[in-house]
Amino acid sequence: MKIFFYSARPYDKTHFTAANAQRGHTLEFFEGRLTSTTAALARGFDGICTFVNDAIDADIIARLVAGGTRLIALRCAGFNQVDLVATTAAGMTVVRVPAYSPYAVAEHTIGLILTLNRKFHRAYARVRDNNFLLDGLEGFDLHGKTIGVIGTGRIGSVFAKIMLGFGCDVLAFDTAPPNAELISAGVQYVKLERVLGAADIVTLHCPLTPATHYLINAHTLSLMKPGAMLINTSRGGLLDTSAVIDALKSRRLGALGLDVYEQEGDLFFADLSDRIVGDDIFQRLLTFPNVIITGHQAFFTQEALCAIAETTLGNIDAIAAGRDCDNAVTLSLVCSK
Ligand code: NAD
């Protein structure tokens with residue numbers, strides 16, 4: 001198949017080229033985003049391959065179909081960026097990579113927690129400046145603390161097990177039936193309100209759906225333990241960021257770690273260091289000493305990149321051979337979330 005890649009970084013090219021060596025698909029890599037203008041570049045290609053911030057709306061779908069493109073291969077797990085009503089109406093096939101390395105995201109979540117707690121970012125800068133004072137670097141033992149996990153799917157369950165290893169009490173909330181393995185390991189499933197009220201650290205591992213949009217808002221923040229830490233490595237739209245800023249200002253929220261941001265499509269995966277960034281909400285977040293933000297890098301490990309390339313090309317193989325693809329994204333998948 002001929003596949004046109006959008007938002008392709010050099011590491012994408014490396015991993016996909018290696019995974020394609022024995023396959024023989026024609027892969028064309030383009031660094032720019034998929035937009036209504038760049039959609040025309042895919043003319044004549046069987047499919048496109050896109051990443052998390054390539055928003056695929058009805059207009060873009062119409063342009064792709066006009067150019068003969070019938071396949072959208074998402075090289076990510078989330079599919080909230082795709083208008084599935086429009087792809088279904090247009091008869092397009094959408095496939096994704098439901099799992100690649102839950103360890104990558106779970107371990108990055110731990111990194112954010114440890115950095116916020118033990119202030120590695122400040123310690124690093126201080127020591128390089130020959131400032132060996134400890135004032136302001138005080139943290140707390142994770143051992144014995146209560147961790148709230150919202151969403152115990154692939155990533156949330158790996159994360160929960162790691163926290164049990166730290167000696168934490170783990171409370172979980174999931175709309176799906178509880179995970180028996182986690183329960184026998186010591187995780188306690190409770191109502192969302194109990195997770196929010198009891199946890200010293202709350203971390204989000206559920207997908208962004210209409211039901212989870214702004215799951216963390218002024219009301220749910222008011223239910224959280226005063227001074228608690230909040231971590232979001234899932235999707236930016238799970239947080240009402242303005243409400244989170246108010247909670248940081250009032251000190252209700254003790255610390256915030258983000259790998260995702262609702263408007264990240266305008267910022268992440270680009271070097272804006274010599275530009276004026278106009279997003280005042282994002283810029284306000286950067287002013288807090290108790291906020292750490294990474295630019296959607298939780299997935300970014302060698303293992304995850306290899307698995308993403310293998311699964312994506314495996315999906316394309318299946319579609320090329322006319323086989324059913326287990327990783328197809330359909331409207332029923334959204335409704336079941
Ligand atoms: P998953 O589908 O295995 O698990 C998601 C869990 O959330 C499921 O158990 C589901 O029942 C639960 N859930 C759904 N709605 C819920 C709700 N309203 N309240 C509580 N739980 C709910 O997904 P996963 O592989 O663990 O990934 C989780 C999320 O992590 C993805 O949706 C994606 O947005 C995000 N993600 C981020 C990165 C990154 O680099 N930052 C990488 C991969 C995935």
# chains A, B, ... in the order shown; residues from 1 in each chain; ligands from 1
$ residues_near_ligand --ligand "ligand 1" --cutoff "7 Å" --atoms "only C-alpha atoms and all ligand atoms" --output "PDB file with N, CA, C and O atoms, in the first residue's frame"
ATOM      1  N   CYS A  76      -1.326   5.891  17.230  1.00  0.00           N
ATOM      2  CA  CYS A  76      -1.543   6.210  18.640  1.00  0.00           C
ATOM      3  C   CYS A  76      -2.761   5.419  19.116  1.00  0.00           C
ATOM      4  O   CYS A  76      -3.467   4.810  18.304  1.00  0.00           O
ATOM      5  N   ALA A  77      -2.981   5.471  20.441  1.00  0.00           N
ATOM      6  CA  ALA A  77      -4.108   4.720  21.020  1.00  0.00           C
ATOM      7  C   ALA A  77      -5.402   5.533  20.938  1.00  0.00           C
ATOM      8  O   ALA A  77      -6.445   5.030  20.511  1.00  0.00           O
ATOM      9  N   GLY A  78      -5.319   6.806  21.344  1.00  0.00           N
ATOM     10  CA  GLY A  78      -6.519   7.647  21.392  1.00  0.00           C
ATOM     11  C   GLY A  78      -7.048   7.948  20.002  1.00  0.00           C
ATOM     12  O   GLY A  78      -6.283   8.023  19.030  1.00  0.00           O
ATOM     13  N   PRO A  98      -3.932   0.168  19.844  1.00  0.00           N
ATOM     14  CA  PRO A  98      -4.566   0.261  21.160  1.00  0.00           C
ATOM     15  C   PRO A  98      -3.572   0.152  22.310  1.00  0.00           C
ATOM     16  O   PRO A  98      -3.779   0.740  23.371  1.00  0.00           O
ATOM     17  N   ALA A  99      -2.509  -0.612  22.108  1.00  0.00           N
ATOM     18  CA  ALA A  99      -1.525  -0.770  23.193  1.00  0.00           C
ATOM     19  C   ALA A  99      -0.152  -0.866  22.589  1.00  0.00           C
ATOM     20  O   ALA A  99       0.029  -1.519  21.561  1.00  0.00           O
ATOM     21  N   PRO A 102       2.338   0.061  27.892  1.00  0.00           N
ATOM     22  CA  PRO A 102       1.718   0.716  29.049  1.00  0.00           C
ATOM     23  C   PRO A 102       2.783   1.113  30.066  1.00  0.00           C
ATOM     24  O   PRO A 102       2.596   2.068  30.831  1.00  0.00           O
ATOM     25  N   VAL A 105       4.103   4.837  29.672  1.00  0.00           N
ATOM     26  CA  VAL A 105       3.257   5.914  30.224  1.00  0.00           C
ATOM     27  C   VAL A 105       3.184   5.809  31.749  1.00  0.00           C
ATOM     28  O   VAL A 105       3.278   6.822  32.461  1.00  0.00           O
ATOM     29  N   ILE A 150      -7.712   6.809  38.419  1.00  0.00           N
ATOM     30  CA  ILE A 150      -8.995   6.882  37.714  1.00  0.00           C
ATOM     31  C   ILE A 150      -8.796   6.254  36.326  1.00  0.00           C
ATOM     32  O   ILE A 150      -8.110   6.818  35.472  1.00  0.00           O
ATOM     33  N   GLY A 151      -9.339   5.071  36.152  1.00  0.00           N
ATOM     34  CA  GLY A 151      -9.137   4.298  34.919  1.00  0.00           C
ATOM     35  C   GLY A 151      -8.055   3.265  35.147  1.00  0.00           C
ATOM     36  O   GLY A 151      -6.871   3.599  35.233  1.00  0.00           O
ATOM     37  N   THR A 152      -8.474   1.999  35.279  1.00  0.00           N
ATOM     38  CA  THR A 152      -7.480   0.927  35.520  1.00  0.00           C
ATOM     39  C   THR A 152      -7.440  -0.025  34.330  1.00  0.00           C
ATOM     40  O   THR A 152      -7.594  -1.230  34.471  1.00  0.00           O
ATOM     41  N   GLY A 153      -7.260   0.562  33.143  1.00  0.00           N
ATOM     42  CA  GLY A 153      -7.041  -0.255  31.939  1.00  0.00           C
ATOM     43  C   GLY A 153      -5.584  -0.653  31.891  1.00  0.00           C
ATOM     44  O   GLY A 153      -4.951  -0.883  32.921  1.00  0.00           O
ATOM     45  N   ARG A 154      -5.033  -0.688  30.675  1.00  0.00           N
ATOM     46  CA  ARG A 154      -3.647  -1.154  30.521  1.00  0.00           C
ATOM     47  C   ARG A 154      -2.660  -0.304  31.313  1.00  0.00           C
ATOM     48  O   ARG A 154      -1.845  -0.811  32.072  1.00  0.00           O
ATOM     49  N   ILE A 155      -2.741   1.036  31.139  1.00  0.00           N
ATOM     50  CA  ILE A 155      -1.751   1.910  31.779  1.00  0.00           C
ATOM     51  C   ILE A 155      -2.040   2.031  33.280  1.00  0.00           C
ATOM     52  O   ILE A 155      -1.142   1.882  34.115  1.00  0.00           O
ATOM     53  N   GLY A 156      -3.309   2.285  33.616  1.00  0.00           N
ATOM     54  CA  GLY A 156      -3.666   2.462  35.030  1.00  0.00           C
ATOM     55  C   GLY A 156      -3.323   1.249  35.869  1.00  0.00           C
ATOM     56  O   GLY A 156      -2.888   1.385  37.020  1.00  0.00           O
ATOM     57  N   PHE A 173     -10.927   3.921  40.656  1.00  0.00           N
ATOM     58  CA  PHE A 173     -12.288   4.066  40.131  1.00  0.00           C
ATOM     59  C   PHE A 173     -12.242   3.781  38.641  1.00  0.00           C
ATOM     60  O   PHE A 173     -11.383   4.294  37.922  1.00  0.00           O
ATOM     61  N   ASP A 174     -13.167   2.949  38.185  1.00  0.00           N
ATOM     62  CA  ASP A 174     -13.297   2.661  36.758  1.00  0.00           C
ATOM     63  C   ASP A 174     -14.759   2.380  36.488  1.00  0.00           C
ATOM     64  O   ASP A 174     -15.442   1.789  37.337  1.00  0.00           O
ATOM     65  N   THR A 175     -15.242   2.811  35.334  1.00  0.00           N
ATOM     66  CA  THR A 175     -16.642   2.541  34.995  1.00  0.00           C
ATOM     67  C   THR A 175     -16.825   1.087  34.549  1.00  0.00           C
ATOM     68  O   THR A 175     -17.931   0.567  34.540  1.00  0.00           O
ATOM     69  N   ALA A 176     -15.716   0.439  34.161  1.00  0.00           N
ATOM     70  CA  ALA A 176     -15.773  -0.983  33.773  1.00  0.00           C
ATOM     71  C   ALA A 176     -15.694  -1.835  35.044  1.00  0.00           C
ATOM     72  O   ALA A 176     -15.289  -1.343  36.100  1.00  0.00           O
ATOM     73  N   HIS A 205      -6.110   7.947  34.116  1.00  0.00           N
ATOM     74  CA  HIS A 205      -5.711   6.986  33.075  1.00  0.00           C
ATOM     75  C   HIS A 205      -6.920   6.489  32.299  1.00  0.00           C
ATOM     76  O   HIS A 205      -6.953   5.337  31.856  1.00  0.00           O
ATOM     77  N   CYS A 206      -7.925   7.360  32.153  1.00  0.00           N
ATOM     78  CA  CYS A 206      -9.105   6.995  31.363  1.00  0.00           C
ATOM     79  C   CYS A 206      -9.049   7.746  30.032  1.00  0.00           C
ATOM     80  O   CYS A 206      -8.343   8.746  29.908  1.00  0.00           O
ATOM     81  N   PRO A 207      -9.776   7.275  29.026  1.00  0.00           N
ATOM     82  CA  PRO A 207      -9.735   7.967  27.730  1.00  0.00           C
ATOM     83  C   PRO A 207     -10.564   9.244  27.763  1.00  0.00           C
ATOM     84  O   PRO A 207     -11.383   9.427  28.666  1.00  0.00           O
ATOM     85  N   LEU A 208     -10.344  10.097  26.775  1.00  0.00           N
ATOM     86  CA  LEU A 208     -11.193  11.293  26.626  1.00  0.00           C
ATOM     87  C   LEU A 208     -12.409  10.903  25.785  1.00  0.00           C
ATOM     88  O   LEU A 208     -12.276  10.509  24.623  1.00  0.00           O
ATOM     89  N   ALA A 211     -18.159  11.552  28.025  1.00  0.00           N
ATOM     90  CA  ALA A 211     -18.448  11.346  29.458  1.00  0.00           C
ATOM     91  C   ALA A 211     -17.289  11.781  30.353  1.00  0.00           C
ATOM     92  O   ALA A 211     -17.501  12.111  31.524  1.00  0.00           O
ATOM     93  N   THR A 212     -16.055  11.774  29.829  1.00  0.00           N
ATOM     94  CA  THR A 212     -14.916  12.125  30.694  1.00  0.00           C
ATOM     95  C   THR A 212     -14.402  13.546  30.436  1.00  0.00           C
ATOM     96  O   THR A 212     -13.478  13.993  31.108  1.00  0.00           O
ATOM     97  N   THR A 233      -1.652  12.196  32.463  1.00  0.00           N
ATOM     98  CA  THR A 233      -0.857  11.776  31.298  1.00  0.00           C
ATOM     99  C   THR A 233      -1.776  11.209  30.225  1.00  0.00           C
ATOM    100  O   THR A 233      -1.302  10.577  29.273  1.00  0.00           O
ATOM    101  N   SER A 234      -3.102  11.427  30.360  1.00  0.00           N
ATOM    102  CA  SER A 234      -4.038  10.787  29.414  1.00  0.00           C
ATOM    103  C   SER A 234      -4.410  11.695  28.252  1.00  0.00           C
ATOM    104  O   SER A 234      -3.883  11.543  27.160  1.00  0.00           O
ATOM    105  N   ARG A 235      -5.309  12.620  28.471  1.00  0.00           N
ATOM    106  CA  ARG A 235      -5.685  13.577  27.430  1.00  0.00           C
ATOM    107  C   ARG A 235      -6.030  14.902  28.111  1.00  0.00           C
ATOM    108  O   ARG A 235      -6.684  14.920  29.157  1.00  0.00           O
ATOM    109  N   ASP A 259       1.300  15.740  31.190  1.00  0.00           N
ATOM    110  CA  ASP A 259       1.998  15.383  29.944  1.00  0.00           C
ATOM    111  C   ASP A 259       1.128  15.740  28.748  1.00  0.00           C
ATOM    112  O   ASP A 259       1.557  15.590  27.606  1.00  0.00           O
ATOM    113  N   VAL A 260      -0.081  16.198  29.029  1.00  0.00           N
ATOM    114  CA  VAL A 260      -1.049  16.514  27.974  1.00  0.00           C
ATOM    115  C   VAL A 260      -1.740  17.820  28.343  1.00  0.00           C
ATOM    116  O   VAL A 260      -1.787  18.185  29.524  1.00  0.00           O
ATOM    117  N   HIS A 296       3.792  15.795  25.960  1.00  0.00           N
ATOM    118  CA  HIS A 296       3.250  14.533  25.425  1.00  0.00           C
ATOM    119  C   HIS A 296       4.376  13.556  25.072  1.00  0.00           C
ATOM    120  O   HIS A 296       4.458  13.060  23.957  1.00  0.00           O
ATOM    121  N   GLN A 297       5.232  13.304  26.063  1.00  0.00           N
ATOM    122  CA  GLN A 297       6.374  12.411  25.831  1.00  0.00           C
ATOM    123  C   GLN A 297       6.268  11.114  26.625  1.00  0.00           C
ATOM    124  O   GLN A 297       7.192  10.291  26.587  1.00  0.00           O
ATOM    125  N   ALA A 298       5.127  10.909  27.321  1.00  0.00           N
ATOM    126  CA  ALA A 298       5.030   9.725  28.188  1.00  0.00           C
ATOM    127  C   ALA A 298       5.220   8.433  27.399  1.00  0.00           C
ATOM    128  O   ALA A 298       5.799   7.473  27.882  1.00  0.00           O
ATOM    129  N   PHE A 299       4.753   8.408  26.163  1.00  0.00           N
ATOM    130  CA  PHE A 299       4.839   7.183  25.343  1.00  0.00           C
ATOM    131  C   PHE A 299       6.246   6.942  24.803  1.00  0.00           C
ATOM    132  O   PHE A 299       6.536   5.875  24.278  1.00  0.00           O
ATOM    133  N   PHE A 300       7.139   7.938  24.917  1.00  0.00           N
ATOM    134  CA  PHE A 300       8.316   8.035  24.054  1.00  0.00           C
ATOM    135  C   PHE A 300       9.487   7.183  24.542  1.00  0.00           C
ATOM    136  O   PHE A 300      10.484   7.686  25.048  1.00  0.00           O
ATOM    137  N   LYS A 337     -17.406   3.044  25.280  1.00  0.00           N
ATOM    138  CA  LYS A 337     -16.502   3.631  26.274  1.00  0.00           C
ATOM    139  C   LYS A 337     -17.296   4.257  27.405  1.00  0.00           C
ATOM    140  O   LYS A 337     -18.332   4.836  27.202  1.00  0.00           O
TER     141      LYS A 337
END
$ residues_around --residues "Ala320 (chain A)" --least-positions-apart "2" --cutoff "12 Å" --atoms "only C-alpha atoms" --output "PyMOL selection string"
chain A and resi 1-3+23-25+46-47+70-71+93+313-318+322-325
$ select_by_dssp --residues "region 25-272 of chain A" --states "helix (DSSP H, G or I)" --output "JSON, numbers by chain"
{"A": [38, 39, 40, 41, 42, 58, 59, 60, 61, 62, 63, 64, 65, 66, 84, 85, 86, 87, 88, 89, 102, 103, 104, 105, 106, 107, 108, 109, 110, 111, 112, 113, 114, 115, 116, 117, 118, 120, 121, 122, 123, 124, 125, 126, 127, 128, 154, 155, 156, 157, 158, 159, 160, 161, 162, 163, 164, 165, 180, 181, 182, 183, 184, 185, 192, 193, 194, 195, 196, 197, 198, 218, 219, 220, 221, 222, 223, 236, 237, 238, 241, 242, 243, 244, 245, 246, 247, 248, 249, 264, 265, 266]}
$ atom_distance --atom1 "CA of Thr146 (chain A)" --atom2 "CA of Asn290 (chain A)"
19.4 Å
$ residues_around --residues "Phe159 (chain A)" --least-positions-apart "2" --cutoff "8 Å" --atoms "only C-alpha atoms" --output "NGL selection string"
:A and (103 or 106-107 or 109-110 or 155-157 or 161-163)
$ decode --residues "region 280-295 of chain A" --atoms "all heavy atoms" --output "PDB file, in the first residue's frame"
ATOM      1  N   ASP A 280      -2.499  32.123  26.996  1.00  0.00           N
ATOM      2  CA  ASP A 280      -2.286  32.667  28.347  1.00  0.00           C
ATOM      3  C   ASP A 280      -2.515  31.619  29.432  1.00  0.00           C
ATOM      4  O   ASP A 280      -1.894  31.682  30.498  1.00  0.00           O
ATOM      5  CB  ASP A 280      -3.210  33.864  28.586  1.00  0.00           C
ATOM      6  CG  ASP A 280      -2.790  35.066  27.751  1.00  0.00           C
ATOM      7  OD1 ASP A 280      -1.663  35.043  27.215  1.00  0.00           O
ATOM      8  OD2 ASP A 280      -3.593  36.015  27.624  1.00  0.00           O
ATOM      9  N   ILE A 281      -3.402  30.672  29.166  1.00  0.00           N
ATOM     10  CA  ILE A 281      -3.669  29.646  30.189  1.00  0.00           C
ATOM     11  C   ILE A 281      -2.432  28.762  30.353  1.00  0.00           C
ATOM     12  O   ILE A 281      -1.971  28.505  31.470  1.00  0.00           O
ATOM     13  CB  ILE A 281      -4.915  28.819  29.801  1.00  0.00           C
ATOM     14  CG1 ILE A 281      -6.147  29.725  29.856  1.00  0.00           C
ATOM     15  CG2 ILE A 281      -5.082  27.602  30.696  1.00  0.00           C
ATOM     16  CD1 ILE A 281      -7.440  29.051  29.495  1.00  0.00           C
ATOM     17  N   PHE A 282      -1.865  28.343  29.228  1.00  0.00           N
ATOM     18  CA  PHE A 282      -0.661  27.508  29.294  1.00  0.00           C
ATOM     19  C   PHE A 282       0.491  28.285  29.943  1.00  0.00           C
ATOM     20  O   PHE A 282       1.209  27.768  30.793  1.00  0.00           O
ATOM     21  CB  PHE A 282      -0.262  27.033  27.892  1.00  0.00           C
ATOM     22  CG  PHE A 282       0.812  25.991  27.902  1.00  0.00           C
ATOM     23  CD1 PHE A 282       0.515  24.676  28.199  1.00  0.00           C
ATOM     24  CD2 PHE A 282       2.130  26.325  27.624  1.00  0.00           C
ATOM     25  CE1 PHE A 282       1.511  23.702  28.223  1.00  0.00           C
ATOM     26  CE2 PHE A 282       3.134  25.364  27.647  1.00  0.00           C
ATOM     27  CZ  PHE A 282       2.817  24.043  27.948  1.00  0.00           C
ATOM     28  N   GLN A 283       0.642  29.541  29.538  1.00  0.00           N
ATOM     29  CA  GLN A 283       1.729  30.355  30.090  1.00  0.00           C
ATOM     30  C   GLN A 283       1.549  30.552  31.593  1.00  0.00           C
ATOM     31  O   GLN A 283       2.523  30.570  32.347  1.00  0.00           O
ATOM     32  CB  GLN A 283       1.807  31.707  29.371  1.00  0.00           C
ATOM     33  CG  GLN A 283       2.215  31.591  27.901  1.00  0.00           C
ATOM     34  CD  GLN A 283       3.557  30.910  27.705  1.00  0.00           C
ATOM     35  OE1 GLN A 283       4.548  31.275  28.305  1.00  0.00           O
ATOM     36  NE2 GLN A 283       3.594  29.891  26.862  1.00  0.00           N
ATOM     37  N   ARG A 284       0.308  30.683  32.057  1.00  0.00           N
ATOM     38  CA  ARG A 284       0.069  30.824  33.505  1.00  0.00           C
ATOM     39  C   ARG A 284       0.492  29.552  34.233  1.00  0.00           C
ATOM     40  O   ARG A 284       1.110  29.624  35.297  1.00  0.00           O
ATOM     41  CB  ARG A 284      -1.424  31.126  33.763  1.00  0.00           C
ATOM     42  CG  ARG A 284      -1.775  31.296  35.254  1.00  0.00           C
ATOM     43  CD  ARG A 284      -1.117  32.559  35.817  1.00  0.00           C
ATOM     44  NE  ARG A 284      -1.437  32.806  37.216  1.00  0.00           N
ATOM     45  CZ  ARG A 284      -0.605  32.548  38.251  1.00  0.00           C
ATOM     46  NH1 ARG A 284       0.570  32.008  38.032  1.00  0.00           N
ATOM     47  NH2 ARG A 284      -0.947  32.851  39.490  1.00  0.00           N
ATOM     48  N   LEU A 285       0.170  28.401  33.636  1.00  0.00           N
ATOM     49  CA  LEU A 285       0.571  27.129  34.257  1.00  0.00           C
ATOM     50  C   LEU A 285       2.076  27.072  34.479  1.00  0.00           C
ATOM     51  O   LEU A 285       2.551  26.573  35.490  1.00  0.00           O
ATOM     52  CB  LEU A 285       0.165  25.943  33.360  1.00  0.00           C
ATOM     53  CG  LEU A 285      -1.276  25.461  33.421  1.00  0.00           C
ATOM     54  CD1 LEU A 285      -1.475  24.317  32.424  1.00  0.00           C
ATOM     55  CD2 LEU A 285      -1.663  25.006  34.830  1.00  0.00           C
ATOM     56  N   LEU A 286       2.829  27.606  33.497  1.00  0.00           N
ATOM     57  CA  LEU A 286       4.293  27.531  33.581  1.00  0.00           C
ATOM     58  C   LEU A 286       4.858  28.382  34.714  1.00  0.00           C
ATOM     59  O   LEU A 286       6.018  28.214  35.095  1.00  0.00           O
ATOM     60  CB  LEU A 286       4.924  27.983  32.251  1.00  0.00           C
ATOM     61  CG  LEU A 286       4.644  27.096  31.029  1.00  0.00           C
ATOM     62  CD1 LEU A 286       5.304  27.684  29.792  1.00  0.00           C
ATOM     63  CD2 LEU A 286       5.152  25.680  31.265  1.00  0.00           C
ATOM     64  N   THR A 287       4.056  29.302  35.255  1.00  0.00           N
ATOM     65  CA  THR A 287       4.588  30.194  36.299  1.00  0.00           C
ATOM     66  C   THR A 287       4.577  29.565  37.681  1.00  0.00           C
ATOM     67  O   THR A 287       5.199  30.086  38.598  1.00  0.00           O
ATOM     68  CB  THR A 287       3.778  31.505  36.378  1.00  0.00           C
ATOM     69  OG1 THR A 287       2.456  31.204  36.843  1.00  0.00           O
ATOM     70  CG2 THR A 287       3.724  32.224  35.047  1.00  0.00           C
ATOM     71  N   PHE A 288       3.865  28.444  37.852  1.00  0.00           N
ATOM     72  CA  PHE A 288       3.767  27.850  39.185  1.00  0.00           C
ATOM     73  C   PHE A 288       4.986  26.976  39.468  1.00  0.00           C
ATOM     74  O   PHE A 288       5.358  26.127  38.646  1.00  0.00           O
ATOM     75  CB  PHE A 288       2.524  26.953  39.290  1.00  0.00           C
ATOM     76  CG  PHE A 288       1.215  27.693  39.223  1.00  0.00           C
ATOM     77  CD1 PHE A 288       0.505  27.781  38.037  1.00  0.00           C
ATOM     78  CD2 PHE A 288       0.687  28.297  40.363  1.00  0.00           C
ATOM     79  CE1 PHE A 288      -0.703  28.443  37.980  1.00  0.00           C
ATOM     80  CE2 PHE A 288      -0.525  28.956  40.311  1.00  0.00           C
ATOM     81  CZ  PHE A 288      -1.226  29.040  39.118  1.00  0.00           C
ATOM     82  N   PRO A 289       5.590  27.150  40.673  1.00  0.00           N
ATOM     83  CA  PRO A 289       6.735  26.292  40.993  1.00  0.00           C
ATOM     84  C   PRO A 289       6.331  24.844  41.228  1.00  0.00           C
ATOM     85  O   PRO A 289       7.162  23.949  41.164  1.00  0.00           O
ATOM     86  CB  PRO A 289       7.297  26.907  42.285  1.00  0.00           C
ATOM     87  CG  PRO A 289       6.147  27.633  42.893  1.00  0.00           C
ATOM     88  CD  PRO A 289       5.288  28.106  41.759  1.00  0.00           C
ATOM     89  N   ASN A 290       5.055  24.609  41.521  1.00  0.00           N
ATOM     90  CA  ASN A 290       4.579  23.254  41.836  1.00  0.00           C
ATOM     91  C   ASN A 290       3.828  22.627  40.653  1.00  0.00           C
ATOM     92  O   ASN A 290       2.942  21.793  40.830  1.00  0.00           O
ATOM     93  CB  ASN A 290       3.693  23.258  43.086  1.00  0.00           C
ATOM     94  CG  ASN A 290       2.574  24.286  42.992  1.00  0.00           C
ATOM     95  OD1 ASN A 290       2.570  25.125  42.091  1.00  0.00           O
ATOM     96  ND2 ASN A 290       1.628  24.222  43.905  1.00  0.00           N
ATOM     97  N   VAL A 291       4.184  23.076  39.432  1.00  0.00           N
ATOM     98  CA  VAL A 291       3.606  22.487  38.214  1.00  0.00           C
ATOM     99  C   VAL A 291       4.748  22.003  37.321  1.00  0.00           C
ATOM    100  O   VAL A 291       5.717  22.732  37.093  1.00  0.00           O
ATOM    101  CB  VAL A 291       2.737  23.511  37.446  1.00  0.00           C
ATOM    102  CG1 VAL A 291       2.290  22.946  36.101  1.00  0.00           C
ATOM    103  CG2 VAL A 291       1.529  23.920  38.276  1.00  0.00           C
ATOM    104  N   ILE A 292       4.628  20.765  36.868  1.00  0.00           N
ATOM    105  CA  ILE A 292       5.598  20.219  35.896  1.00  0.00           C
ATOM    106  C   ILE A 292       4.822  19.829  34.645  1.00  0.00           C
ATOM    107  O   ILE A 292       3.782  19.167  34.736  1.00  0.00           O
ATOM    108  CB  ILE A 292       6.265  18.937  36.460  1.00  0.00           C
ATOM    109  CG1 ILE A 292       7.230  19.271  37.571  1.00  0.00           C
ATOM    110  CG2 ILE A 292       6.982  18.162  35.364  1.00  0.00           C
ATOM    111  CD1 ILE A 292       8.556  19.792  37.082  1.00  0.00           C
ATOM    112  N   ILE A 293       5.323  20.248  33.489  1.00  0.00           N
ATOM    113  CA  ILE A 293       4.660  19.869  32.237  1.00  0.00           C
ATOM    114  C   ILE A 293       5.695  19.245  31.302  1.00  0.00           C
ATOM    115  O   ILE A 293       6.779  19.810  31.100  1.00  0.00           O
ATOM    116  CB  ILE A 293       4.026  21.093  31.543  1.00  0.00           C
ATOM    117  CG1 ILE A 293       3.076  21.818  32.493  1.00  0.00           C
ATOM    118  CG2 ILE A 293       3.280  20.654  30.266  1.00  0.00           C
ATOM    119  CD1 ILE A 293       2.466  23.090  31.928  1.00  0.00           C
ATOM    120  N   THR A 294       5.355  18.100  30.751  1.00  0.00           N
ATOM    121  CA  THR A 294       6.147  17.535  29.658  1.00  0.00           C
ATOM    122  C   THR A 294       5.254  17.537  28.419  1.00  0.00           C
ATOM    123  O   THR A 294       4.027  17.522  28.527  1.00  0.00           O
ATOM    124  CB  THR A 294       6.634  16.102  29.991  1.00  0.00           C
ATOM    125  OG1 THR A 294       5.519  15.310  30.428  1.00  0.00           O
ATOM    126  CG2 THR A 294       7.691  16.111  31.079  1.00  0.00           C
ATOM    127  N   GLY A 295       5.881  17.591  27.251  1.00  0.00           N
ATOM    128  CA  GLY A 295       5.130  17.797  26.004  1.00  0.00           C
ATOM    129  C   GLY A 295       4.702  16.507  25.332  1.00  0.00           C
ATOM    130  O   GLY A 295       5.191  16.173  24.252  1.00  0.00           O
TER     131      GLY A 295
END
